[in-house]
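Q: What follows is coords-v5.cif, made up of mmCIF, C-alpha atoms:
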```cif
data_target
loop_
_atom_site.label_atom_id
_atom_site.label_comp_id
_atom_site.auth_asym_id
_atom_site.auth_seq_id
_atom_site.Cartn_x
_atom_site.Cartn_y
_atom_site.Cartn_z
CA MET A 479 7.21 20.60 24.59
CA ALA A 480 4.54 22.89 26.03
CA LEU A 481 1.34 21.37 27.34
CA PRO A 482 -1.73 22.52 25.32
CA GLN A 483 -3.87 25.23 26.90
CA LYS A 484 -6.72 24.97 24.39
CA LYS A 485 -8.17 22.46 21.96
CA VAL A 486 -5.85 21.46 19.13
CA LYS A 487 -7.53 21.59 15.71
CA ALA A 488 -8.13 18.40 13.74
CA THR A 489 -5.46 17.66 11.13
CA ARG A 490 -7.41 15.27 8.87
CA VAL A 491 -10.80 15.06 7.21
CA ASN A 492 -10.52 11.97 5.03
CA PRO A 493 -9.55 8.57 6.46
CA LYS A 494 -5.91 7.54 6.41
CA LYS A 495 -6.95 3.88 6.36
CA LEU A 496 -10.33 2.74 5.04
CA ILE A 497 -11.70 -0.82 5.09
CA ILE A 498 -14.41 -1.83 2.61
CA PHE A 499 -15.78 -5.37 2.72
CA SER A 500 -18.61 -7.01 0.80
CA GLN A 501 -19.99 -10.20 -0.65
CA PRO A 502 -18.12 -11.30 -3.81
CA LYS A 503 -19.29 -9.85 -7.15
CA ASN A 504 -21.09 -6.88 -5.61
CA GLY A 505 -19.21 -4.25 -7.62
CA LYS A 506 -16.57 -3.32 -5.06
CA THR A 507 -13.62 -3.49 -7.48
CA SER A 508 -15.52 -1.73 -10.28
CA CYS A 509 -16.33 1.18 -7.96
CA LEU A 510 -12.74 1.37 -6.70
CA ALA A 511 -11.50 1.46 -10.30
CA GLU A 512 -13.48 4.69 -10.78
CA LEU A 513 -11.94 6.36 -7.72
CA GLU A 514 -9.59 9.12 -8.85
CA ASP A 515 -5.82 8.63 -8.42
CA ASN A 516 -6.27 5.19 -6.87
CA LEU A 517 -3.69 2.47 -7.54
CA ILE A 518 -5.22 -0.99 -7.14
CA ILE A 519 -2.89 -3.74 -5.94
CA ASP A 520 -4.86 -6.61 -7.45
CA LEU A 521 -4.22 -9.88 -5.61
CA GLU A 522 -7.05 -11.95 -7.13
CA ARG A 523 -7.15 -10.92 -10.79
CA GLY A 524 -10.31 -9.02 -10.04
CA THR A 525 -9.53 -6.07 -12.32
CA SER A 526 -9.34 -8.04 -15.57
CA PHE A 527 -12.64 -6.61 -16.85
CA VAL A 528 -12.18 -2.99 -15.72
CA ASP A 529 -9.96 -0.11 -16.77
CA ALA A 530 -7.98 1.01 -13.75
CA LEU A 531 -4.66 2.11 -12.34
CA LYS A 532 -3.64 -1.41 -11.35
CA ILE A 533 -0.91 -3.94 -10.75
CA ASP A 534 -1.97 -7.56 -11.28
CA VAL A 535 0.36 -9.15 -8.72
CA ILE A 536 -0.31 -12.79 -9.63
CA THR A 537 0.21 -12.22 -13.36
CA GLU A 538 3.35 -10.17 -12.68
CA ALA A 539 4.75 -13.02 -10.55
CA GLU A 540 3.99 -15.61 -13.24
CA GLU A 541 5.61 -13.53 -15.99
CA ALA A 542 8.66 -12.79 -13.85
CA SER A 543 9.04 -16.50 -13.07
CA LYS A 544 8.95 -17.38 -16.79
CA SER A 545 11.45 -14.73 -17.80
CA SER A 546 13.89 -15.43 -14.95
CA GLY A 547 13.60 -19.21 -14.90
CA THR A 548 13.18 -19.10 -11.11
CA VAL A 549 10.12 -19.00 -8.89
CA VAL A 550 9.00 -15.43 -8.20
CA LEU A 551 6.40 -15.23 -5.45
CA PRO A 552 3.57 -12.69 -5.33
CA LEU A 553 5.22 -11.46 -2.12
CA ASP A 554 8.34 -10.63 -4.15
CA ILE A 555 6.22 -8.49 -6.50
CA LEU A 556 4.69 -6.72 -3.48
CA LYS A 557 8.15 -5.97 -2.06
CA ASN A 558 9.35 -4.64 -5.43
CA THR A 559 6.23 -2.48 -5.75
CA ILE A 560 6.75 -0.99 -2.30
CA LYS A 561 10.38 -0.21 -3.19
CA GLU A 562 9.36 1.49 -6.44
CA LEU A 563 6.69 3.54 -4.66
CA ASN A 564 9.22 4.66 -2.06
CA ASP A 565 11.78 5.52 -4.77
CA VAL A 566 9.23 7.65 -6.62
CA LYS A 567 8.14 9.36 -3.40
CA THR A 568 11.76 10.26 -2.63
CA LYS A 569 12.28 11.56 -6.17
CA ILE A 570 9.14 13.73 -6.43
CA GLY A 571 8.85 14.68 -2.76
CA LYS A 572 5.27 13.48 -2.29
CA ASN A 573 3.16 10.34 -2.38
CA PRO A 574 3.02 8.82 -5.89
CA TYR A 575 -0.75 8.22 -5.57
CA GLN A 576 -3.42 9.83 -3.46
CA ARG A 577 -4.88 6.43 -2.73
CA ILE A 578 -3.76 2.81 -2.87
CA THR A 579 -6.17 -0.13 -2.64
CA ILE A 580 -5.16 -3.64 -1.62
CA ASP A 581 -7.72 -5.94 -3.22
CA THR A 582 -8.15 -8.13 -1.26
CA VAL A 583 -6.59 -8.00 2.20
CA SER A 584 -7.96 -11.53 2.73
CA LEU A 585 -5.55 -12.81 0.05
CA LEU A 586 -2.73 -10.59 1.29
CA GLU A 587 -2.85 -12.60 4.51
CA GLU A 588 -2.11 -15.74 2.48
CA MET A 589 0.66 -14.09 0.44
CA VAL A 590 2.67 -12.91 3.46
CA LEU A 591 2.98 -16.47 4.82
CA PRO A 592 6.62 -16.85 3.60
CA MET A 593 7.50 -13.65 5.48
CA ALA A 594 5.78 -14.95 8.60
CA ASN A 595 7.74 -18.21 8.30
CA ASP A 596 11.01 -16.27 8.12
CA LEU A 597 10.05 -14.17 11.13
CA TYR A 598 9.51 -17.32 13.15
CA ARG A 599 12.78 -18.90 11.95
CA ASN A 600 14.63 -15.74 13.00
CA SER A 601 13.15 -15.88 16.48
CA PRO A 602 14.92 -17.71 19.36
CA VAL A 603 12.18 -20.36 19.59
CA GLY A 604 12.04 -21.02 15.84
CA ALA A 605 15.74 -21.23 15.03
CA ASN A 606 15.60 -24.98 14.33
CA TRP A 607 12.12 -25.05 12.80
CA MET A 608 11.95 -26.88 9.45
CA GLY A 609 8.26 -26.28 8.64
CA ASN A 610 6.67 -24.16 5.91
CA ASP A 611 3.46 -22.91 7.54
CA VAL A 612 3.47 -21.12 10.91
CA LYS A 613 -0.30 -21.56 11.09
CA LYS A 614 0.36 -25.24 11.91
CA LEU A 615 2.42 -24.48 15.02
CA PRO A 616 0.94 -25.88 18.25
CA ASN A 617 -1.57 -23.82 20.23
CA GLY A 618 -1.87 -21.18 17.50
CA ALA A 619 1.60 -19.84 18.28
CA GLY A 620 2.28 -18.97 14.64
CA TYR A 621 -0.58 -16.51 14.16
CA ALA A 622 1.33 -13.74 15.90
CA TYR A 623 4.02 -13.98 13.20
CA LEU A 624 1.40 -14.00 10.46
CA GLN A 625 -0.16 -10.86 11.93
CA GLN A 626 3.26 -9.23 12.20
CA ALA A 627 3.99 -9.93 8.53
CA LEU A 628 0.55 -8.71 7.44
CA PHE A 629 0.84 -5.44 9.36
CA PHE A 630 4.36 -4.87 8.03
CA VAL A 631 3.18 -4.96 4.41
CA ILE A 632 0.05 -2.91 5.16
CA ASN A 633 2.10 -0.25 6.96
CA GLN A 634 4.62 -0.06 4.09
CA PHE A 635 1.84 0.71 1.61
CA GLU A 636 0.21 3.17 4.03
CA ARG A 637 3.40 5.24 4.12
CA VAL A 638 3.31 5.98 0.38
CA CYS A 639 -0.27 7.21 -0.07
CA ASP A 640 -2.72 9.65 1.50
CA THR A 641 -5.34 6.93 2.04
CA LEU A 642 -4.84 3.18 2.08
CA ILE A 643 -7.97 1.20 1.23
CA LEU A 644 -8.20 -2.41 2.34
CA ALA A 645 -10.82 -4.22 0.28
CA GLY A 646 -11.98 -7.55 1.63
CA HIS A 647 -14.62 -10.23 1.68
CA VAL A 648 -17.34 -10.47 4.29
CA ARG A 649 -17.29 -13.00 7.10
CA ARG A 650 -20.71 -13.98 8.40
CA LYS A 651 -21.27 -15.26 11.90
CA ASP A 652 -24.48 -16.34 13.55
CA ILE A 653 -24.91 -14.70 16.96
CA LYS A 654 -27.47 -16.03 19.42
CA MET A 655 -29.26 -13.26 21.30
CA GLU A 656 -31.98 -13.53 23.93
CA ASP A 657 -34.79 -12.55 21.58
CA ALA A 658 -33.28 -13.07 18.12
CA ASP A 659 -30.60 -14.71 15.99
CA ILE A 660 -28.32 -12.16 14.35
CA ASP A 661 -26.30 -12.61 11.15
CA GLU A 662 -23.18 -10.56 11.97
CA LYS A 663 -21.02 -9.28 9.08
CA SER A 664 -17.34 -8.37 9.44
CA LEU A 665 -14.05 -8.35 7.51
CA SER A 666 -12.90 -11.87 6.66
CA LEU A 667 -9.45 -12.56 8.12
CA THR A 668 -8.03 -15.35 10.24
CA GLY A 669 -8.91 -15.50 13.93
CA LYS A 670 -8.38 -12.23 15.81
CA THR A 671 -6.60 -10.61 12.86
CA SER A 672 -9.87 -9.09 11.62
CA LEU A 673 -10.36 -7.25 14.91
CA LEU A 674 -6.74 -6.04 14.99
CA VAL A 675 -6.83 -4.74 11.40
CA SER A 676 -10.26 -3.15 11.93
CA ALA A 677 -9.19 -1.43 15.16
CA ASP A 678 -6.34 0.24 13.26
CA ALA A 679 -8.64 1.72 10.57
CA ASP A 680 -10.21 5.19 10.57
CA ALA A 681 -13.35 3.99 8.81
CA ILE A 682 -14.96 0.63 8.02
CA ALA A 683 -17.84 0.13 5.60
CA PHE A 684 -19.93 -2.77 4.37
CA LEU A 685 -20.67 -2.45 0.65
CA TYR A 686 -23.94 -3.83 -0.66
CA ARG A 687 -26.41 -3.45 -3.53
CA GLU A 688 -30.00 -2.38 -3.25
CA ASP A 689 -31.96 -2.30 -6.51
CA ASN A 690 -29.88 -0.14 -8.87
CA LYS A 691 -27.71 1.40 -6.15
CA THR A 692 -24.38 0.43 -4.57
CA ILE A 693 -24.17 1.61 -0.98
CA LEU A 694 -21.40 1.98 1.60
CA ASN A 695 -22.76 1.43 5.10
CA PHE A 696 -20.74 3.11 7.87
CA ALA A 697 -23.56 2.88 10.43
CA PRO A 698 -22.77 0.37 13.21
CA SER A 699 -25.41 -2.20 14.13
CA ASN A 700 -25.76 -5.65 15.60
CA SER A 701 -25.47 -7.07 12.08
CA ALA A 702 -22.45 -5.13 10.74
CA LEU A 703 -19.11 -4.38 12.43
CA VAL A 704 -18.57 -1.01 10.76
CA GLY A 705 -18.02 2.60 11.82
CA SER A 706 -15.93 5.73 11.34
CA ARG A 707 -13.80 8.24 13.21
CA CYS A 708 -14.40 10.73 10.36
CA PRO A 709 -17.38 12.96 11.21
CA HIS A 710 -18.66 13.14 7.62
CA LEU A 711 -18.84 9.31 7.40
CA ARG A 712 -20.06 8.52 10.90
CA ASP A 713 -23.40 6.66 10.98
CA LYS A 714 -23.89 7.27 7.24
CA GLN A 715 -25.10 5.06 4.39
CA ILE A 716 -23.69 6.58 1.22
CA VAL A 717 -24.68 5.75 -2.36
CA ILE A 718 -21.47 5.58 -4.39
CA ALA A 719 -22.86 4.05 -7.60
CA GLU A 720 -26.19 4.06 -9.42
CA SER A 721 -27.33 2.65 -12.75
CA ASP A 722 -29.98 4.18 -15.01
CA GLU A 723 -32.63 2.43 -17.14
CA GLN A 724 -30.07 1.79 -19.89
CA GLY A 725 -27.67 0.15 -17.44
CA VAL A 726 -25.20 3.02 -17.47
CA ILE A 727 -23.46 3.18 -14.09
CA THR A 728 -22.43 6.46 -12.48
CA VAL A 729 -19.88 6.26 -9.66
CA ASP A 730 -19.48 9.14 -7.22
CA TRP A 731 -17.00 9.07 -4.33
CA SER A 732 -17.38 12.77 -3.43
CA GLN A 733 -19.33 12.08 -0.22
CA VAL A 734 -16.65 9.64 0.98
CA PHE A 735 -13.55 11.66 0.09
CA LEU A 736 -14.05 15.36 0.69
CA GLN A 737 -12.00 17.65 -1.51
CA LYS A 738 -10.88 20.05 1.18
CA SER A 739 -8.62 18.94 3.98
CA LYS A 740 -8.26 20.94 7.18
#
```
When written as structure tokens, how does the structure in this file appear?
A:
Amino acid sequence: MALPQKKVKATRVNPKKLIIFSQPKNGKTSCLAELEDNLIIDLERGTSFVDALKIDVITEAEEASKSSGTVVLPLDILKNTIKELNDVKTKIGKNPYQRITIDTVSLLEEMVLPMANDLYRNSPVGANWMGNDVKKLPNGAGYAYLQQALFFVINQFERVCDTLILAGHVRRKDIKMEDADIDEKSLSLTGKTSLLVSADADAIAFLYREDNKTILNFAPSNSALVGSRCPHLRDKQIVIAESDEQGVITVDWSQVFLQKSK
């Protein structure tokens, strides 16, 4: 391997991993349903009222349990979906979808708990453990296994799409400053998991509504833990949806996902 003698050109324009978080019922899922070639992995039955490329994981698990006569967990559906996506990718020689959205990553953290439990049982210290929730281990020892399970599933989905979108709920935290109290907004996950997941993303945006517009805020501030490595998103507030006087909503993702890649 030769050491570079000049600047190496950028290889990406659009984010490989994008986090979008918001208050509930702010139109996040509806906007994501309008994003072209975007498979939504619906973990909270949030796509029931929208047309979309989607897999309703909870409903799939319930139907599989009825037909098989055994308990099928949502995690089992996720594993099967990942396998199918990988099989299709191998067959066609490219990612099956340009984009995949996990909606929401907050619920994914709950669904991977059985995997986290198994990871702990397979460790030297957990070989004789008879519990069913690593979060209850003393001194928070189980959260590392929960994070490991969460990242495993996230990484598996990331490998079969051009962009993985993690949709989530907002966590609000009151911060005391010298001259003001700040309402800080960030992705809602357990403990330090939010920071770990956010650090691994190329772009993070807070979605909110203002009058008839839905806006993605990538501009960091004291009140929102957001930002972007992508130059075209950095410090931007981008309108992705707007309704007219008749209530007709137009969704436009063209400023978020640029058509041309370098």
Q: Set the distance at 6 Å and use only C-alpha atoms: which residues neighbour Thr579 of chain A once local chain neighbours fewer than 3 positions away are removed? I'd like the list as a PDB file with C-alpha atoms, in the frame of the given file.
A:
```
ATOM      1  CA  ILE A 518      -5.220  -0.990  -7.140  1.00  0.00           C
ATOM      2  CA  ILE A 519      -2.890  -3.740  -5.940  1.00  0.00           C
ATOM      3  CA  LEU A 642      -4.840   3.180   2.080  1.00  0.00           C
ATOM      4  CA  ILE A 643      -7.970   1.200   1.230  1.00  0.00           C
ATOM      5  CA  LEU A 644      -8.200  -2.410   2.340  1.00  0.00           C
TER       6      LEU A 644
END
```
Q: Suppose you want the space between atom CA of Gly505 of chain A and atom CA of Arg523 of chain A; what is it in Å?
A: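 So the answer is 14.1 Å.
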Q: Written as a PyMOL selection string, which residues does the PyMOL selection byres ((chain A and resi 564-578) around 10) give for the file shown?
A: chain A and resi 494-495+510+513-519+531-532+558-563+579-581+634-644
Q: Taking all atoms listed in the file into account, produce a table as a Markdown table in which each residue of segment 672-696 of chain A with an atom at most 8 Å from an atom of segment 704-725 of chain A appears once, together with its shortest atom pair and the distance in Å to one decimal, ordered by chain and rising number.
A:
```
| residue | atom | partner | partner_atom | distance |
| --- | --- | --- | --- | --- |
| A:Asp680 | CA | A:Arg707 | CA | 5.4 |
| A:Ala681 | CA | A:Ser706 | CA | 4.0 |
| A:Ile682 | CA | A:Val704 | CA | 4.8 |
| A:Ala683 | CA | A:Val704 | CA | 5.3 |
| A:Phe684 | CA | A:Val704 | CA | 6.8 |
| A:Asn690 | CA | A:Ser721 | CA | 5.4 |
| A:Lys691 | CA | A:Glu720 | CA | 4.5 |
| A:Thr692 | CA | A:Ala719 | CA | 5.0 |
| A:Ile693 | CA | A:Val717 | CA | 4.4 |
| A:Leu694 | CA | A:Ile716 | CA | 5.2 |
| A:Asn695 | CA | A:Gln715 | CA | 4.4 |
| A:Phe696 | CA | A:Gly705 | CA | 4.8 |
```
Q: Could the residues in this selection be saved with C-alpha atoms as a PDB file, in the coordinates of the input?
A:
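again_16.pdb, written as the output of this step:
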```pdb
ATOM      1  CA  ASP A 680     -10.210   5.190  10.570  1.00  0.00           C
ATOM      2  CA  ALA A 681     -13.350   3.990   8.810  1.00  0.00           C
ATOM      3  CA  ILE A 682     -14.960   0.630   8.020  1.00  0.00           C
ATOM      4  CA  ALA A 683     -17.840   0.130   5.600  1.00  0.00           C
ATOM      5  CA  PHE A 684     -19.930  -2.770   4.370  1.00  0.00           C
ATOM      6  CA  ASN A 690     -29.880  -0.140  -8.870  1.00  0.00           C
ATOM      7  CA  LYS A 691     -27.710   1.400  -6.150  1.00  0.00           C
ATOM      8  CA  THR A 692     -24.380   0.430  -4.570  1.00  0.00           C
ATOM      9  CA  ILE A 693     -24.170   1.610  -0.980  1.00  0.00           C
ATOM     10  CA  LEU A 694     -21.400   1.980   1.600  1.00  0.00           C
ATOM     11  CA  ASN A 695     -22.760   1.430   5.100  1.00  0.00           C
ATOM     12  CA  PHE A 696     -20.740   3.110   7.870  1.00  0.00           C
TER      13      PHE A 696
END
```
Q: Hey, what's within 9 Å of Pro552 of chain A if we count all atoms listed in the file and toss same-chain stuff fewer than 6 positions away? As a PyMOL selection string, please?
A: chain A and resi 521+535-540+589-590
Q: Just how far from atom CA of Gly646 of chain A is atom CA of Cys509 of chain A, in Å to one decimal?
A: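 Straight-line distance from atom CA of Cys509 of chain A to atom CA of Gly646 of chain A works out to 13.7 Å.
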Q: Would you please work out which residue, of A:Asn617, A:Thr525, A:Gln733, A:Gln625, is nearest to Asn595 of chain A when using only C-alpha atoms?
A: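 Under the stated criterion, the closest residue is A:Gln625.
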